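Structure record follows, encoded as structure tokens.
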Amino acid sequence: MTAVSMTVNGKPVTADVDPRTLLVQFLREHLRLTGTHVGCDTSQCGACVVHIDGKAMKSCTMFAWQADGANVTTIEGLANGAALHPMQEAFREHHGLQCGYCTPGMIMAAVDIVKRKGHDLDDRTIREELDGNLCRCTGYHNIVKAIAAGARAMK
């Protein structure tokens, strides 16, 4: 077993885990934070995106011990109590989802895009930056609209 300690959504957590435990497994199975989804196990779909020390990372391709000492934010940690994060609200308002399976990863990626690229995002930039986040239900039109609106709302 390997001891891991990290801060998840602002709360310190410590656990002993098998060294082969992926971060996504740790979040879902040990901490019961099931908003982070497993879509492919191969780092192709982006359903598992979380923020590690403020940067978007795919949690299905890293071990929990690799996040030891890190500050991890999951989709559950974005909202401020009952108030949704502006990007979450934009996805709701602009129907940037269909089945919803990819939505947590899309939102986490979108927040990272805004942090890196700014609040005034054009459609092309959003589409290019979403490379690595797959939605199997939509044509991305409403996702792109939601990200643009969320970016403006995050100002």
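In the structure tokens, the first chain shown is A, the next is B, and so on; residue numbers restart at 1 for each chain, and ligands run from 1 in the order shown.
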
According to DSSP computed on the backbone, where in chain A is there strand (DSSP E or B)? Give the residues as a ChimeraX atom specification. /A:2-8,11-17,22,49-52,55-58,63,71-73,80,83

Saved selection, atoms kept: N, CA and C atoms, as a PDB file, in the first residue's frame:
ATOM      1  N   THR A   2       0.345   2.297  -0.583  1.00  0.00           N
ATOM      2  CA  THR A   2       1.038   3.573  -0.671  1.00  0.00           C
ATOM      3  C   THR A   2       0.176   4.633  -0.004  1.00  0.00           C
ATOM      4  N   ALA A   3       0.780   5.429   0.846  1.00  0.00           N
ATOM      5  CA  ALA A   3       0.056   6.516   1.500  1.00  0.00           C
ATOM      6  C   ALA A   3       0.001   7.712   0.561  1.00  0.00           C
ATOM      7  N   VAL A   4      -1.190   8.272   0.405  1.00  0.00           N
ATOM      8  CA  VAL A   4      -1.353   9.492  -0.385  1.00  0.00           C
ATOM      9  C   VAL A   4      -2.077  10.539   0.444  1.00  0.00           C
ATOM     10  N   SER A   5      -1.642  11.760   0.296  1.00  0.00           N
ATOM     11  CA  SER A   5      -2.270  12.903   0.952  1.00  0.00           C
ATOM     12  C   SER A   5      -2.388  14.017  -0.073  1.00  0.00           C
ATOM     13  N   MET A   6      -3.552  14.579  -0.144  1.00  0.00           N
ATOM     14  CA  MET A   6      -3.786  15.684  -1.078  1.00  0.00           C
ATOM     15  C   MET A   6      -4.961  16.493  -0.572  1.00  0.00           C
ATOM     16  N   THR A   7      -5.168  17.624  -1.165  1.00  0.00           N
ATOM     17  CA  THR A   7      -6.340  18.435  -0.863  1.00  0.00           C
ATOM     18  C   THR A   7      -7.296  18.283  -2.036  1.00  0.00           C
ATOM     19  N   VAL A   8      -8.505  17.834  -1.759  1.00  0.00           N
ATOM     20  CA  VAL A   8      -9.503  17.628  -2.803  1.00  0.00           C
ATOM     21  C   VAL A   8     -10.693  18.533  -2.509  1.00  0.00           C
ATOM     22  N   LYS A  11     -10.544  20.218   0.835  1.00  0.00           N
ATOM     23  CA  LYS A  11     -10.487  19.413   2.057  1.00  0.00           C
ATOM     24  C   LYS A  11      -9.291  18.465   2.011  1.00  0.00           C
ATOM     25  N   PRO A  12      -8.501  18.430   3.077  1.00  0.00           N
ATOM     26  CA  PRO A  12      -7.370  17.496   3.087  1.00  0.00           C
ATOM     27  C   PRO A  12      -7.859  16.057   3.195  1.00  0.00           C
ATOM     28  N   VAL A  13      -7.259  15.172   2.408  1.00  0.00           N
ATOM     29  CA  VAL A  13      -7.591  13.748   2.453  1.00  0.00           C
ATOM     30  C   VAL A  13      -6.295  12.945   2.487  1.00  0.00           C
ATOM     31  N   THR A  14      -6.334  11.841   3.211  1.00  0.00           N
ATOM     32  CA  THR A  14      -5.209  10.930   3.303  1.00  0.00           C
ATOM     33  C   THR A  14      -5.757   9.521   3.231  1.00  0.00           C
ATOM     34  N   ALA A  15      -5.041   8.651   2.522  1.00  0.00           N
ATOM     35  CA  ALA A  15      -5.489   7.263   2.406  1.00  0.00           C
ATOM     36  C   ALA A  15      -4.311   6.375   2.050  1.00  0.00           C
ATOM     37  N   ASP A  16      -4.460   5.103   2.348  1.00  0.00           N
ATOM     38  CA  ASP A  16      -3.528   4.087   1.891  1.00  0.00           C
ATOM     39  C   ASP A  16      -4.180   3.400   0.701  1.00  0.00           C
ATOM     40  N   VAL A  17      -3.489   3.407  -0.430  1.00  0.00           N
ATOM     41  CA  VAL A  17      -4.048   2.830  -1.653  1.00  0.00           C
ATOM     42  C   VAL A  17      -3.027   1.910  -2.308  1.00  0.00           C
ATOM     43  N   LEU A  22      -5.510   4.382  -9.925  1.00  0.00           N
ATOM     44  CA  LEU A  22      -5.543   5.603 -10.726  1.00  0.00           C
ATOM     45  C   LEU A  22      -6.216   6.721  -9.937  1.00  0.00           C
ATOM     46  N   VAL A  49     -11.475  14.684 -16.713  1.00  0.00           N
ATOM     47  CA  VAL A  49     -10.650  15.865 -16.464  1.00  0.00           C
ATOM     48  C   VAL A  49     -10.956  16.463 -15.091  1.00  0.00           C
ATOM     49  N   VAL A  50      -9.880  16.708 -14.351  1.00  0.00           N
ATOM     50  CA  VAL A  50      -9.926  17.420 -13.073  1.00  0.00           C
ATOM     51  C   VAL A  50      -8.822  18.481 -13.121  1.00  0.00           C
ATOM     52  N   HIS A  51      -8.799  19.353 -12.149  1.00  0.00           N
ATOM     53  CA  HIS A  51      -7.714  20.334 -12.062  1.00  0.00           C
ATOM     54  C   HIS A  51      -6.748  19.887 -10.966  1.00  0.00           C
ATOM     55  N   ILE A  52      -5.497  19.840 -11.315  1.00  0.00           N
ATOM     56  CA  ILE A  52      -4.444  19.509 -10.355  1.00  0.00           C
ATOM     57  C   ILE A  52      -3.524  20.715 -10.271  1.00  0.00           C
ATOM     58  N   LYS A  55      -4.324  23.181 -13.005  1.00  0.00           N
ATOM     59  CA  LYS A  55      -4.209  22.827 -14.414  1.00  0.00           C
ATOM     60  C   LYS A  55      -5.074  21.613 -14.733  1.00  0.00           C
ATOM     61  N   ALA A  56      -5.725  21.645 -15.891  1.00  0.00           N
ATOM     62  CA  ALA A  56      -6.572  20.523 -16.306  1.00  0.00           C
ATOM     63  C   ALA A  56      -5.701  19.308 -16.609  1.00  0.00           C
ATOM     64  N   MET A  57      -6.097  18.164 -16.060  1.00  0.00           N
ATOM     65  CA  MET A  57      -5.376  16.906 -16.273  1.00  0.00           C
ATOM     66  C   MET A  57      -6.399  15.784 -16.396  1.00  0.00           C
ATOM     67  N   LYS A  58      -6.055  14.784 -17.179  1.00  0.00           N
ATOM     68  CA  LYS A  58      -6.920  13.604 -17.301  1.00  0.00           C
ATOM     69  C   LYS A  58      -6.553  12.633 -16.184  1.00  0.00           C
ATOM     70  N   PHE A  63      -1.580   7.971 -11.658  1.00  0.00           N
ATOM     71  CA  PHE A  63      -1.805   7.261 -10.410  1.00  0.00           C
ATOM     72  C   PHE A  63      -2.138   8.253  -9.307  1.00  0.00           C
ATOM     73  N   ASN A  71      -3.192  19.952  -4.955  1.00  0.00           N
ATOM     74  CA  ASN A  71      -4.522  20.506  -4.736  1.00  0.00           C
ATOM     75  C   ASN A  71      -5.364  20.068  -5.929  1.00  0.00           C
ATOM     76  N   VAL A  72      -6.356  19.219  -5.694  1.00  0.00           N
ATOM     77  CA  VAL A  72      -7.187  18.647  -6.754  1.00  0.00           C
ATOM     78  C   VAL A  72      -8.588  19.247  -6.664  1.00  0.00           C
ATOM     79  N   THR A  73      -9.092  19.689  -7.806  1.00  0.00           N
ATOM     80  CA  THR A  73     -10.462  20.183  -7.864  1.00  0.00           C
ATOM     81  C   THR A  73     -11.225  19.327  -8.860  1.00  0.00           C
ATOM     82  N   ASN A  80     -20.012  27.105  -5.701  1.00  0.00           N
ATOM     83  CA  ASN A  80     -19.841  27.792  -4.423  1.00  0.00           C
ATOM     84  C   ASN A  80     -21.115  27.564  -3.621  1.00  0.00           C
ATOM     85  N   ALA A  83     -24.645  27.876  -5.311  1.00  0.00           N
ATOM     86  CA  ALA A  83     -24.461  28.689  -6.517  1.00  0.00           C
ATOM     87  C   ALA A  83     -23.510  27.991  -7.476  1.00  0.00           C
TER      88      ALA A  83
END

Considering only helix (DSSP H, G or I) as DSSP defines it on the backbone, what residues of chain A qualify? List them as a count of residues only. 61

Counting only C-alpha atoms, give me one row per residue of region 7-102 of chain A with an atom at most 9 Å from an atom of region 147-150 of chain A, showing the shortest contact pair and its distance in Å to one decimal, sorted by chain then residue number, as a tab-separated table.
residue	atom	partner	partner_atom	distance
A:His85	CA	A:Gly150	CA	8.8
A:Pro86	CA	A:Gly150	CA	5.5
A:Met87	CA	A:Gly150	CA	4.3
A:Gln88	CA	A:Gly150	CA	7.6
A:Glu89	CA	A:Gly150	CA	7.4
A:Ala90	CA	A:Gly150	CA	5.0
A:Phe91	CA	A:Ile147	CA	7.3
A:His94	CA	A:Ala149	CA	8.3
A:Gly96	CA	A:Ile147	CA	8.2

Interatomic distance between CA of Cys135 (chain A) and CA of Ala70 (chain A)? 28.5 Å

Polymer residues at most 10 Å from Thr21 (chain A), only C-alpha atoms, same-chain spacing of 4 or more positions, as a list in words: Met1, Thr2, Val17, Gln25, Phe26, Cys60, Met62, Phe63, Ala64 and Trp65 of chain A

Of the residues A:Leu31, A:Thr74, A:Ser59, A:Ala47, which is the one nearest to Gly10 (chain A), using only C-alpha atoms? A:Thr74

Residues within 10 Å of Arg136 (chain A), please, as a ChimeraX atom specification. Count only C-alpha atoms; anything in the same chain fewer than 3 positions from it doesn't count. /A:45,98-99,101-102,133,139-140

For Met106 (chain A), which residue among A:Ile143, A:His119, A:Ala79, A:Cys137 is the nearest when counting only C-alpha atoms?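 Ranking A:Ile143, A:His119, A:Ala79, A:Cys137 by distance to Met106 (chain A), first place goes to A:Ile143.
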
Work out how far CA of Gly105 (chain A) is from CA of Gly46 (chain A), in Å to one decimal. 5.6 Å
